[in-house]
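Engineer: Structure file my_file.cif, mmCIF, C-alpha atoms, is pasted below:
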```
data_final
#
loop_
_atom_site.label_atom_id
_atom_site.label_comp_id
_atom_site.auth_asym_id
_atom_site.auth_seq_id
_atom_site.Cartn_x
_atom_site.Cartn_y
_atom_site.Cartn_z
CA MET A 299 -21.29 -10.54 16.90
CA ASN A 300 -17.84 -11.72 17.98
CA LEU A 301 -15.20 -12.35 15.37
CA PRO A 302 -13.08 -15.53 15.32
CA ASP A 303 -9.50 -15.26 16.53
CA ASN A 304 -7.35 -16.40 13.59
CA GLY A 305 -4.24 -14.25 13.91
CA ILE A 306 -5.55 -11.18 12.11
CA GLN A 307 -6.12 -9.36 15.40
CA GLY A 308 -2.48 -9.79 16.30
CA LEU A 309 -1.35 -8.56 12.90
CA ILE A 310 -3.34 -5.35 12.93
CA GLY A 311 -2.36 -4.75 16.53
CA GLN A 312 1.24 -4.31 15.35
CA GLU A 313 2.54 -1.07 13.90
CA ALA A 314 3.37 -1.56 10.22
CA GLY A 315 6.88 -0.38 9.37
CA TRP A 316 5.80 1.43 6.20
CA LEU A 317 3.60 3.77 8.25
CA LYS A 318 6.54 5.30 10.18
CA ALA A 319 7.35 8.63 8.56
CA PRO A 320 11.12 9.19 8.07
CA GLY A 321 12.37 12.17 10.03
CA SER A 322 14.21 13.73 7.08
CA ASP A 323 11.34 13.35 4.59
CA PRO A 324 8.94 16.26 3.89
CA GLY A 325 6.03 13.84 4.19
CA MET A 326 4.83 13.88 0.59
CA VAL A 327 5.82 10.30 -0.24
CA ILE A 328 4.06 8.08 2.29
CA SER A 329 5.59 4.80 1.12
CA SER A 330 7.66 3.03 -1.53
CA ARG A 331 6.85 -0.44 -2.79
CA VAL A 332 8.69 -2.83 -5.11
CA ARG A 333 6.94 -6.02 -6.21
CA LEU A 334 8.24 -9.01 -8.19
CA ALA A 335 6.05 -11.52 -10.03
CA ARG A 336 7.30 -15.08 -10.47
CA ASN A 337 5.92 -18.50 -11.51
CA LEU A 338 7.19 -22.01 -10.91
CA ALA A 339 8.45 -23.70 -14.05
CA GLU A 340 6.91 -27.13 -13.41
CA HIS A 341 3.35 -25.92 -12.66
CA LEU A 342 0.49 -24.41 -14.63
CA PHE A 343 -0.27 -20.77 -13.87
CA PRO A 344 -2.86 -20.33 -11.07
CA ASP A 345 -5.78 -19.49 -13.36
CA ARG A 346 -5.07 -22.63 -15.44
CA SER A 347 -4.51 -25.10 -12.62
CA GLU A 348 -6.80 -27.13 -10.35
CA LYS A 349 -7.10 -26.68 -6.60
CA ASP A 350 -4.82 -29.64 -5.79
CA GLU A 351 -2.01 -28.21 -7.91
CA ARG A 352 -2.40 -24.74 -6.42
CA SER A 353 -2.32 -26.24 -2.93
CA LEU A 354 0.90 -28.04 -3.85
CA VAL A 355 2.40 -24.79 -5.12
CA ARG A 356 1.41 -23.05 -1.89
CA ALA A 357 3.13 -25.73 0.18
CA GLN A 358 6.30 -25.61 -1.95
CA VAL A 359 6.53 -21.83 -1.88
CA ARG A 360 5.86 -21.67 1.86
CA GLN A 361 8.57 -24.24 2.58
CA ALA A 362 11.10 -22.50 0.33
CA ALA A 363 10.31 -19.05 1.73
CA GLY A 364 10.70 -20.36 5.28
CA SER A 365 14.42 -20.76 4.62
CA VAL A 366 14.79 -17.16 3.40
CA ASN A 367 16.35 -14.76 5.90
CA TYR A 368 13.52 -12.26 5.78
CA PHE A 369 10.81 -14.90 6.23
CA GLY A 370 12.37 -16.94 9.02
CA ASP A 371 9.72 -15.85 11.53
CA ALA A 372 7.00 -14.93 9.05
CA ALA A 373 3.30 -15.21 9.80
CA PHE A 374 1.35 -17.40 7.37
CA PHE A 375 -2.30 -16.96 6.42
CA ASP A 376 -4.34 -19.54 4.55
CA LEU A 377 -6.81 -17.48 2.54
CA ASP A 378 -9.06 -20.51 2.12
CA VAL A 379 -10.14 -20.19 5.75
CA LEU A 380 -10.10 -16.44 6.27
CA THR A 381 -13.38 -14.55 6.42
CA ARG A 382 -14.21 -11.74 4.01
CA LEU A 383 -13.62 -9.27 6.84
CA ASP A 384 -10.16 -10.71 7.53
CA LYS A 385 -9.20 -10.44 3.87
CA THR A 386 -10.49 -6.88 3.70
CA ALA A 387 -8.27 -5.95 6.65
CA LEU A 388 -5.25 -7.40 4.82
CA LEU A 389 -6.20 -5.35 1.76
CA GLU A 390 -6.58 -2.19 3.86
CA ARG A 391 -3.09 -2.80 5.25
CA ARG A 392 -1.81 -3.21 1.65
CA LEU A 393 -0.57 -6.74 2.32
CA ILE A 394 -2.74 -8.36 -0.36
CA SER A 395 -4.30 -7.26 -3.64
CA SER A 396 -7.97 -7.07 -4.54
CA ASP A 397 -7.31 -10.00 -6.90
CA LEU A 398 -5.98 -12.23 -4.11
CA MET A 399 -9.04 -11.35 -2.00
CA GLU A 400 -11.19 -13.28 -4.46
CA LYS A 401 -8.99 -16.41 -4.45
CA ASN A 402 -10.14 -19.21 -2.13
CA ASN A 403 -8.53 -22.37 -3.48
CA GLY A 404 -4.85 -22.61 -2.65
CA ALA A 405 -4.14 -18.93 -1.99
CA GLY A 406 -1.82 -17.93 0.83
CA LEU A 407 0.09 -15.03 2.36
CA MET A 408 3.39 -14.80 4.23
CA VAL A 409 4.13 -11.62 6.18
CA GLY A 410 7.66 -10.83 7.29
CA ARG A 411 8.96 -8.75 10.16
CA ASN A 412 7.56 -5.23 10.59
CA GLN A 413 5.09 -6.01 7.78
CA SER A 414 7.67 -4.50 5.42
CA LEU A 415 7.87 -7.63 3.29
CA ASP A 416 5.19 -10.07 2.24
CA LEU A 417 4.66 -12.83 -0.26
CA MET A 418 1.33 -13.57 -1.94
CA ILE A 419 0.88 -17.13 -3.18
CA ASN A 420 -1.39 -18.05 -6.10
CA GLU A 421 -2.68 -14.59 -6.89
CA GLU A 422 -2.45 -13.91 -10.64
CA ASP A 423 0.98 -15.55 -10.55
CA HIS A 424 2.34 -18.23 -8.23
CA ILE A 425 4.46 -15.67 -6.36
CA ARG A 426 4.01 -11.96 -5.82
CA MET A 427 6.61 -10.74 -3.32
CA GLN A 428 6.69 -7.11 -2.28
CA SER A 429 8.76 -4.86 -0.06
CA LEU A 430 6.93 -1.88 1.43
CA LEU A 431 8.99 0.87 3.11
CA PRO A 432 8.23 4.37 4.45
CA GLY A 433 9.07 7.50 2.45
CA LEU A 434 10.97 7.64 -0.83
CA ASP A 435 13.15 4.52 -0.66
CA LEU A 436 12.64 2.46 -3.82
CA ILE A 437 16.29 1.41 -4.05
CA GLU A 438 16.24 -0.20 -0.59
CA ALA A 439 12.86 -1.82 -1.29
CA PHE A 440 14.34 -3.34 -4.45
CA ARG A 441 17.46 -4.51 -2.61
CA ILE A 442 15.27 -6.47 -0.19
CA VAL A 443 13.05 -8.22 -2.76
CA ASP A 444 16.08 -8.89 -4.98
CA GLN A 445 17.76 -10.75 -2.10
CA VAL A 446 14.60 -12.73 -1.43
CA ASP A 447 14.26 -13.54 -5.12
CA ASP A 448 17.86 -14.79 -5.31
CA GLN A 449 17.34 -17.06 -2.29
CA LEU A 450 14.02 -18.42 -3.58
CA GLN A 451 15.59 -19.25 -6.95
CA GLN A 452 18.07 -21.47 -5.13
CA LYS A 453 15.10 -23.53 -3.91
CA LEU A 454 12.57 -23.18 -6.75
CA GLU A 455 12.90 -23.25 -10.53
CA MET A 456 11.18 -20.19 -11.97
CA ALA A 457 9.49 -20.00 -15.38
CA TYR A 458 11.95 -18.09 -17.54
CA SER A 459 12.57 -17.51 -21.25
CA PRO A 460 15.88 -16.22 -22.69
CA GLU A 461 13.80 -14.14 -25.10
CA TRP A 462 11.02 -12.86 -22.84
CA GLY A 463 12.55 -12.97 -19.37
CA PHE A 464 10.43 -14.13 -16.42
CA LEU A 465 7.11 -15.54 -17.64
CA THR A 466 3.98 -14.11 -16.05
CA CYS A 467 0.23 -14.42 -16.47
CA CYS A 468 -0.17 -10.81 -17.63
CA PRO A 469 1.98 -9.69 -20.61
CA SER A 470 2.63 -6.32 -18.94
CA ASN A 471 4.69 -8.13 -16.27
CA LEU A 472 6.91 -10.06 -18.70
CA GLY A 473 10.63 -9.46 -18.44
CA THR A 474 11.72 -8.40 -14.98
CA GLY A 475 8.27 -8.93 -13.45
CA LEU A 476 8.96 -5.78 -11.42
CA ARG A 477 6.46 -3.13 -10.41
CA ALA A 478 7.75 -0.08 -8.50
CA SER A 479 5.25 2.29 -6.92
CA LEU A 480 5.04 5.35 -4.70
CA LEU A 481 2.15 6.42 -2.50
CA ILE A 482 2.27 10.21 -2.67
CA HIS A 483 0.23 13.06 -1.14
CA LEU A 484 -0.42 15.96 -3.53
CA PRO A 485 -2.94 18.39 -1.95
CA GLY A 486 -1.37 21.49 -3.50
CA LEU A 487 -1.69 20.23 -7.06
CA VAL A 488 -5.26 19.11 -6.38
CA ARG A 489 -6.28 22.48 -4.91
CA ALA A 490 -4.60 24.35 -7.75
CA LYS A 491 -6.56 22.15 -10.22
CA ARG A 492 -3.34 21.05 -11.91
CA ILE A 493 -3.54 17.39 -10.99
CA GLU A 494 -5.74 16.04 -13.81
CA LYS A 495 -3.49 17.39 -16.55
CA LEU A 496 -0.35 16.13 -14.80
CA LEU A 497 -1.74 12.64 -14.24
CA SER A 498 -2.95 12.46 -17.83
CA GLU A 499 0.57 13.30 -19.00
CA LEU A 500 1.99 10.57 -16.76
CA GLU A 501 -0.40 8.00 -18.19
CA GLY A 502 0.90 8.94 -21.63
CA GLN A 503 4.44 8.28 -20.40
CA GLY A 504 3.63 4.74 -19.30
CA ILE A 505 2.99 5.54 -15.63
CA LEU A 506 -0.06 3.99 -13.95
CA VAL A 507 -2.00 6.23 -11.54
CA ARG A 508 -4.31 4.68 -8.96
CA GLY A 509 -5.88 5.41 -5.59
CA PHE A 510 -4.74 4.61 -2.04
CA GLN A 511 -5.78 0.95 -2.27
CA GLY A 512 -4.13 0.39 -5.66
CA GLU A 513 -5.81 -1.27 -8.61
CA GLY A 514 -9.52 -0.54 -8.89
CA SER A 515 -9.53 2.21 -6.25
CA ASP A 516 -10.17 5.92 -6.67
CA ALA A 517 -7.95 8.66 -5.30
CA ALA A 518 -9.05 9.89 -1.87
CA GLY A 519 -7.51 12.36 0.51
CA ASP A 520 -5.29 13.71 -2.30
CA ILE A 521 -3.27 10.46 -2.11
CA PHE A 522 -2.19 8.80 -5.34
CA GLN A 523 -0.27 5.64 -6.19
CA ILE A 524 2.04 5.89 -9.20
CA SER A 525 3.84 2.93 -10.76
CA ASN A 526 5.41 1.66 -13.97
CA ARG A 527 3.02 0.13 -16.51
CA ALA A 528 5.29 -2.40 -18.28
CA THR A 529 8.44 -4.33 -17.38
CA LEU A 530 9.63 -5.85 -20.65
CA GLY A 531 12.74 -4.36 -22.27
CA ARG A 532 13.94 -2.46 -19.21
CA SER A 533 16.24 -3.45 -16.39
CA GLU A 534 15.10 -3.36 -12.77
CA LEU A 535 17.17 -0.27 -12.03
CA GLU A 536 15.86 1.54 -15.13
CA ILE A 537 12.29 0.96 -13.96
CA ILE A 538 13.03 2.10 -10.42
CA GLU A 539 14.97 5.17 -11.53
CA ASN A 540 12.14 6.20 -13.85
CA VAL A 541 9.46 5.88 -11.16
CA GLU A 542 11.67 7.73 -8.68
CA ARG A 543 12.33 10.47 -11.25
CA VAL A 544 8.58 10.89 -11.76
CA GLY A 545 8.05 10.96 -8.00
CA ARG A 546 10.70 13.63 -7.46
CA SER A 547 9.24 15.71 -10.30
CA LEU A 548 5.80 15.55 -8.68
CA MET A 549 7.31 16.52 -5.32
CA GLU A 550 9.03 19.55 -6.86
CA GLN A 551 5.81 20.68 -8.54
CA GLU A 552 3.86 20.09 -5.36
CA LEU A 553 6.36 22.17 -3.37
CA GLU A 554 6.17 24.97 -5.88
CA THR A 555 2.37 24.91 -5.78
CA ARG A 556 2.29 24.93 -1.97
CA ARG A 557 4.52 27.98 -1.92
CA HIS A 558 2.26 29.71 -4.44
CA ILE A 559 -0.85 28.86 -2.39
CA MET A 560 0.70 30.19 0.81
CA ASP A 561 1.85 33.38 -0.94
CA HIS A 562 -1.57 34.07 -2.45
CA ALA A 563 -4.11 32.26 -0.26
CA ARG A 564 -2.53 31.83 3.16
CA ARG A 565 -5.57 32.85 5.18
CA GLN A 566 -7.95 30.62 3.25
CA THR A 567 -5.53 27.70 3.49
CA GLU A 568 -4.97 28.06 7.24
CA ASP A 569 -8.73 28.42 7.75
CA ASN A 570 -9.29 25.18 5.82
CA ILE A 571 -6.66 23.39 7.92
CA TRP A 572 -8.14 24.52 11.24
CA ARG A 573 -11.70 23.76 10.13
CA ALA A 574 -10.59 20.22 9.27
CA TYR A 575 -8.99 19.88 12.70
CA GLY A 576 -12.15 21.20 14.33
CA ILE A 577 -14.38 18.67 12.58
CA LEU A 578 -12.06 15.75 13.31
CA SER A 579 -11.86 16.82 16.97
CA ASN A 580 -15.62 17.07 17.44
CA ALA A 581 -17.47 14.97 14.85
CA ARG A 582 -19.84 12.26 16.12
CA MET A 583 -20.20 10.54 12.72
CA LEU A 584 -17.31 10.20 10.30
CA SER A 585 -17.08 8.13 7.11
CA ALA A 586 -13.80 6.64 5.92
CA GLN A 587 -13.89 8.90 2.86
CA GLU A 588 -14.53 12.01 4.95
CA PHE A 589 -11.66 11.16 7.28
CA LEU A 590 -9.25 10.84 4.34
CA GLU A 591 -10.35 14.18 2.88
CA LEU A 592 -10.11 16.04 6.20
CA SER A 593 -6.82 14.41 7.21
CA SER A 594 -5.32 15.64 3.93
CA SER A 595 -5.64 19.19 5.28
CA LEU A 596 -3.92 18.14 8.52
CA ARG A 597 -1.06 16.60 6.53
CA LEU A 598 -0.66 19.90 4.74
CA GLY A 599 -0.80 21.68 8.11
CA ILE A 600 2.09 19.56 9.42
CA PHE A 601 4.19 20.49 6.39
CA LEU A 602 3.34 24.18 6.94
CA GLU A 603 4.27 23.76 10.64
CA VAL A 604 0.77 24.54 11.87
CA PHE A 605 0.92 21.20 13.70
CA PRO A 606 3.97 19.34 15.11
CA ARG A 607 5.71 16.78 12.91
CA PRO A 608 4.96 13.73 15.13
CA GLY A 609 1.37 14.14 13.97
CA LEU A 610 2.41 12.64 10.62
CA ASN A 611 2.96 9.23 12.22
CA ILE A 612 -0.44 9.51 13.88
CA LEU A 613 -2.16 10.27 10.58
CA ASN A 614 -0.32 7.42 8.88
CA GLN A 615 -1.60 4.97 11.50
CA LEU A 616 -5.11 6.32 11.11
CA LEU A 617 -4.90 5.73 7.35
CA VAL A 618 -5.46 2.04 8.05
CA ASN A 619 -7.02 1.99 11.52
CA THR A 620 -10.02 4.04 10.38
CA GLN A 621 -10.77 1.64 7.51
CA PRO A 622 -13.99 -0.42 7.91
CA ALA A 623 -12.49 -3.87 8.50
CA HIS A 624 -9.82 -2.57 10.89
CA LEU A 625 -12.41 -0.81 13.02
CA GLN A 626 -14.56 -3.93 13.33
CA ILE A 627 -11.67 -6.25 14.13
CA MET A 628 -10.12 -3.85 16.66
CA LEU A 629 -13.51 -3.58 18.42
CA ASP A 630 -14.24 -7.30 17.95
CA SER A 631 -17.68 -6.52 16.56
CA GLU A 632 -19.30 -6.48 13.14
CA MET A 633 -21.07 -3.17 12.48
CA ASP A 634 -23.18 -1.54 9.81
CA ALA A 635 -22.01 1.68 8.11
CA PRO A 636 -23.62 4.09 10.66
CA GLY A 637 -22.09 2.08 13.51
CA ARG A 638 -18.67 2.25 11.90
CA ASP A 639 -19.03 6.00 11.29
CA TRP A 640 -19.84 6.50 15.00
CA GLU A 641 -16.89 4.42 16.22
CA ARG A 642 -14.53 5.98 13.68
CA ALA A 643 -15.43 9.47 14.90
CA ARG A 644 -14.89 8.39 18.51
CA LEU A 645 -11.46 6.93 17.69
CA VAL A 646 -10.39 10.06 15.82
CA ARG A 647 -11.68 12.40 18.55
CA ASP A 648 -9.65 10.55 21.18
CA ILE A 649 -6.50 10.80 19.09
CA MET A 650 -7.03 14.44 18.11
CA ALA A 651 -7.13 15.33 21.81
CA ASP A 652 -3.42 14.46 21.97
CA PHE A 653 -2.47 15.63 18.47
CA PHE A 654 -0.32 18.52 19.73
#
```
How does this structure look as structure tokens?
Structural biologist:
Amino acid sequence: MNLPDNGIQGLIGQEAGWLKAPGSDPGMVISSRVRLARNLAEHLFPDRSEKDERSLVRAQVRQAAGSVNYFGDAAFFDLDVLTRLDKTALLERRLISSDLMEKNNGAGLMVGRNQSLDLMINEEDHIRMQSLLPGLDLIEAFRIVDQVDDQLQQKLEMAYSPEWGFLTCCPSNLGTGLRASLLIHLPGLVRAKRIEKLLSELEGQGILVRGFQGEGSDAAGDIFQISNRATLGRSELEIIENVERVGRSLMEQELETRRHIMDHARRQTEDNIWRAYGILSNARMLSAQEFLELSSSLRLGIFLEVFPRPGLNILNQLLVNTQPAHLQIMLDSEMDAPGRDWERARLVRDIMADFF
């Protein structure tokens, strides 16, 4: 069954900027994201308002954002008319949240250049803007959304309290409305069975730990998303510095664990890496979960110089292109799970042939 052409095909045909691995980075932190939540002062919050009011908010935000430098040539998506498959592809690309997926009346999305900046309209709050960059670069991600926020506030009056800061639907976002997060690959800590204790300790320190797709998703492929839990009572830089400090601590512990593994279990580790490569190079059926688990070994192999570094960019692209909605849209055909597993395996085999 053919899929309608509504601009999603063009979006996923572009390489997302956050998937380009920085040359100087060891490859542990896949991406950095900084998100700001804002609401318009003169309107009810999305969950309290009617469709007509949300549609008005969408129009006002879209017009105001169109004058912002970063959104001058932005793509706009009306979520009221997108199919479930289209929305799933946007979620897989980390451009929308699972919450926005369920919104049909007045929800919208603006995507800036290189897909490194986007703005969700009428999710939990009127505005959720986020900057998504490759590697460990929270400061630059914040600089971008801070500029956008300043320019939007020249056009729109935001709901703000001198006592509570920016007013948001969820109390955890009161204050700065800022959420900083890192997508980080920790195979050493997982294999050494240290990860559960570490993540439990982070939760106790006010750090949220989620899977690759964020809220509501489980960890897969040894990839975790860490972010601050609350925003009230801390400045933007304090939040960012704390999340970055946690990220660097995890990187140091991961490095230490990888060295220990290679000192004490080099043969087993290299065997695991090459077995993963062998399966990915020859499999005829491959689930999305299985790809993530096997590609984790290849990521580790790149760090250990078993495979060349350019392979990291390839694996980053496959993170999204092997997801169910991406596969179906790229092939312009809706498929059941076995059909997707067959096509996913074919795509991965073709790419593995040129992995070196």
Engineer: Since I can't run it myself right now, could you work out what the PyMOL selection byres ((chain A and resi 459-463) around 7) selects here and report it as an NGL selection string?
Structural biologist: :A and (458 or 464-465 or 472-474)
Engineer: Compare A:Leu430, A:Leu342, A:Val488, A:Leu383 by their minimum atom-to-atom distance to A:Gly315, counting all atoms listed in the file, and give me the closest one.
Structural biologist: A:Leu430
Engineer: Using only C-alpha atoms, determine which residues lie at most 12 Å from stretch 625-636 of chain A, disregarding the query and same-chain residues fewer than 3 positions distant; provide the list as a ChimeraX atom specification.
Structural biologist: /A:299-312,381-388,390,582-586,616-622,639-646
Engineer: Could you check which of A:Pro485, A:Leu590, A:Asn403, A:Asp423 is closest to A:Met549, using all atoms listed in the file?
Structural biologist: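 Using all atoms listed in the file, A:Met549 sits closest to A:Pro485.
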Engineer: Name the closest residue to A:Ala314 among the candidates A:Ala574, A:Met399, A:Leu553, A:Leu393; distances are taken between atoms, counting all atoms listed in the file.
Structural biologist: A:Leu393
Engineer: Using the chain letters and numbers from this file, what does the PyMOL selection byres ((chain A and resi 376) around 10) select? Give the answer as a compact mmCIF listing (two decimals) with C-alpha atoms, in the frame of the given file.
Structural biologist:
```txt
# COMPACT_ATOMS: atom_id res chain seq x y z
CA ARG A 356 1.41 -23.05 -1.89
CA PHE A 374 1.35 -17.40 7.37
CA PHE A 375 -2.30 -16.96 6.42
CA LEU A 377 -6.81 -17.48 2.54
CA ASP A 378 -9.06 -20.51 2.12
CA VAL A 379 -10.14 -20.19 5.75
CA LEU A 380 -10.10 -16.44 6.27
CA ASN A 402 -10.14 -19.21 -2.13
CA ASN A 403 -8.53 -22.37 -3.48
CA GLY A 404 -4.85 -22.61 -2.65
CA ALA A 405 -4.14 -18.93 -1.99
CA GLY A 406 -1.82 -17.93 0.83
CA LEU A 407 0.09 -15.03 2.36
CA MET A 408 3.39 -14.80 4.23
CA ILE A 419 0.88 -17.13 -3.18
```
Engineer: Quote the spacing between atom CA of A:Leu334 and atom CA of A:Phe369 in Å to one decimal place.
Structural biologist: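 That distance, rounded to one decimal, is 15.8 Å.
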Engineer: As a ChimeraX atom specification, please: the residues near stretch 502-507 of chain A (cut-off 6 Å, all atoms listed in the file, same-chain neighbours under 4 positions excluded).
Structural biologist: /A:523-527
Engineer: Tell me which protein, DNA and RNA residues are within 12 Å of A:Arg346, counting all atoms listed in the file, leaving out same-chain ones fewer than 5 positions away, and put them as number ranges by chain.
Structural biologist: A: 341, 351-352, 420-424, 467
Engineer: Carefully work through the PyMOL selection byres ((chain A and resi 560) around 12) for this structure and note down the residues it includes, as a PDB file with C-alpha atoms, in the frame of the given file.
Structural biologist:
```
ATOM      1  CA  GLY A 486      -1.370  21.490  -3.500  1.00  0.00           C
ATOM      2  CA  ARG A 489      -6.280  22.480  -4.910  1.00  0.00           C
ATOM      3  CA  ALA A 490      -4.600  24.350  -7.750  1.00  0.00           C
ATOM      4  CA  LEU A 553       6.360  22.170  -3.370  1.00  0.00           C
ATOM      5  CA  GLU A 554       6.170  24.970  -5.880  1.00  0.00           C
ATOM      6  CA  THR A 555       2.370  24.910  -5.780  1.00  0.00           C
ATOM      7  CA  ARG A 556       2.290  24.930  -1.970  1.00  0.00           C
ATOM      8  CA  ARG A 557       4.520  27.980  -1.920  1.00  0.00           C
ATOM      9  CA  HIS A 558       2.260  29.710  -4.440  1.00  0.00           C
ATOM     10  CA  ILE A 559      -0.850  28.860  -2.390  1.00  0.00           C
ATOM     11  CA  ASP A 561       1.850  33.380  -0.940  1.00  0.00           C
ATOM     12  CA  HIS A 562      -1.570  34.070  -2.450  1.00  0.00           C
ATOM     13  CA  ALA A 563      -4.110  32.260  -0.260  1.00  0.00           C
ATOM     14  CA  ARG A 564      -2.530  31.830   3.160  1.00  0.00           C
ATOM     15  CA  ARG A 565      -5.570  32.850   5.180  1.00  0.00           C
ATOM     16  CA  GLN A 566      -7.950  30.620   3.250  1.00  0.00           C
ATOM     17  CA  THR A 567      -5.530  27.700   3.490  1.00  0.00           C
ATOM     18  CA  GLU A 568      -4.970  28.060   7.240  1.00  0.00           C
ATOM     19  CA  ASP A 569      -8.730  28.420   7.750  1.00  0.00           C
ATOM     20  CA  LEU A 598      -0.660  19.900   4.740  1.00  0.00           C
ATOM     21  CA  GLY A 599      -0.800  21.680   8.110  1.00  0.00           C
ATOM     22  CA  PHE A 601       4.190  20.490   6.390  1.00  0.00           C
ATOM     23  CA  LEU A 602       3.340  24.180   6.940  1.00  0.00           C
TER      24      LEU A 602
END
```
Engineer: Any idea what the distance is between atom CA of A:Asn611 and atom CA of A:Ala581?
Structural biologist: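 According to the coordinates, atom CA of A:Asn611 and atom CA of A:Ala581 are separated by 21.4 Å.
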Engineer: For atom CA of A:Ser429 and atom CA of A:Asp416, quote the distance in Å rounded to one decimal.
Structural biologist: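 Computed distance, atom CA of A:Ser429 to atom CA of A:Asp416, equals 6.7 Å.
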Engineer: I need the residue nearest A:Asn337 from this list: A:Glu455, A:Glu313, A:Asp648, A:Glu542. Use all atoms listed in the file for the distance.
Structural biologist: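 Of the candidates, the smallest distance to A:Asn337 is held by A:Glu455.
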Engineer: Tell me which protein, DNA and RNA residues are within 12 Å of A:Met427, counting only C-alpha atoms, leaving out same-chain ones fewer than 5 positions away, and put them as a VMD selection string.
Structural biologist: chain A and resid 331 to 337 359 363 368 to 369 393 to 395 406 to 410 414 to 421 439 to 440 442 to 447 450 475 to 478
Engineer: Report, as lines of an AutoDock Vina configuration file, the centre and edge lengths in Å (one decimal) of the axis-aligned box enclosing every listed atom of stretch 327-338 of chain A, padded by 4 Å on each side.
Structural biologist:
```
center_x = 6.4
center_y = -5.9
center_z = -4.6
size_x = 12.6
size_y = 40.3
size_z = 21.8
```
Engineer: Would you kindly return, as a list of chain:residue names, each protein, DNA or RNA residue with an atom no farther than 10 Å from any atom of A:Ile571, considering all atoms listed in the file and excluding same-chain residues fewer than 6 positions away?
Structural biologist: A:Arg565, A:Leu592, A:Ser593, A:Ser594, A:Ser595, A:Leu596, A:Arg597, A:Leu598, A:Gly599, A:Ile600, A:Val604, A:Phe605
Engineer: With distances taken over all atoms listed in the file, which of A:Ala357, A:Leu487, A:Leu497, A:Ala339 is nearest to A:Glu550?
Structural biologist: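 The closest residue to A:Glu550 is A:Leu487.
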Engineer: I need the residue nearest A:Pro344 from this list: A:Lys491, A:Lys401, A:Arg391, A:Lys318. Use all atoms listed in the file for the distance.
Structural biologist: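 Closest to A:Pro344, using all atoms listed in the file: A:Lys401.
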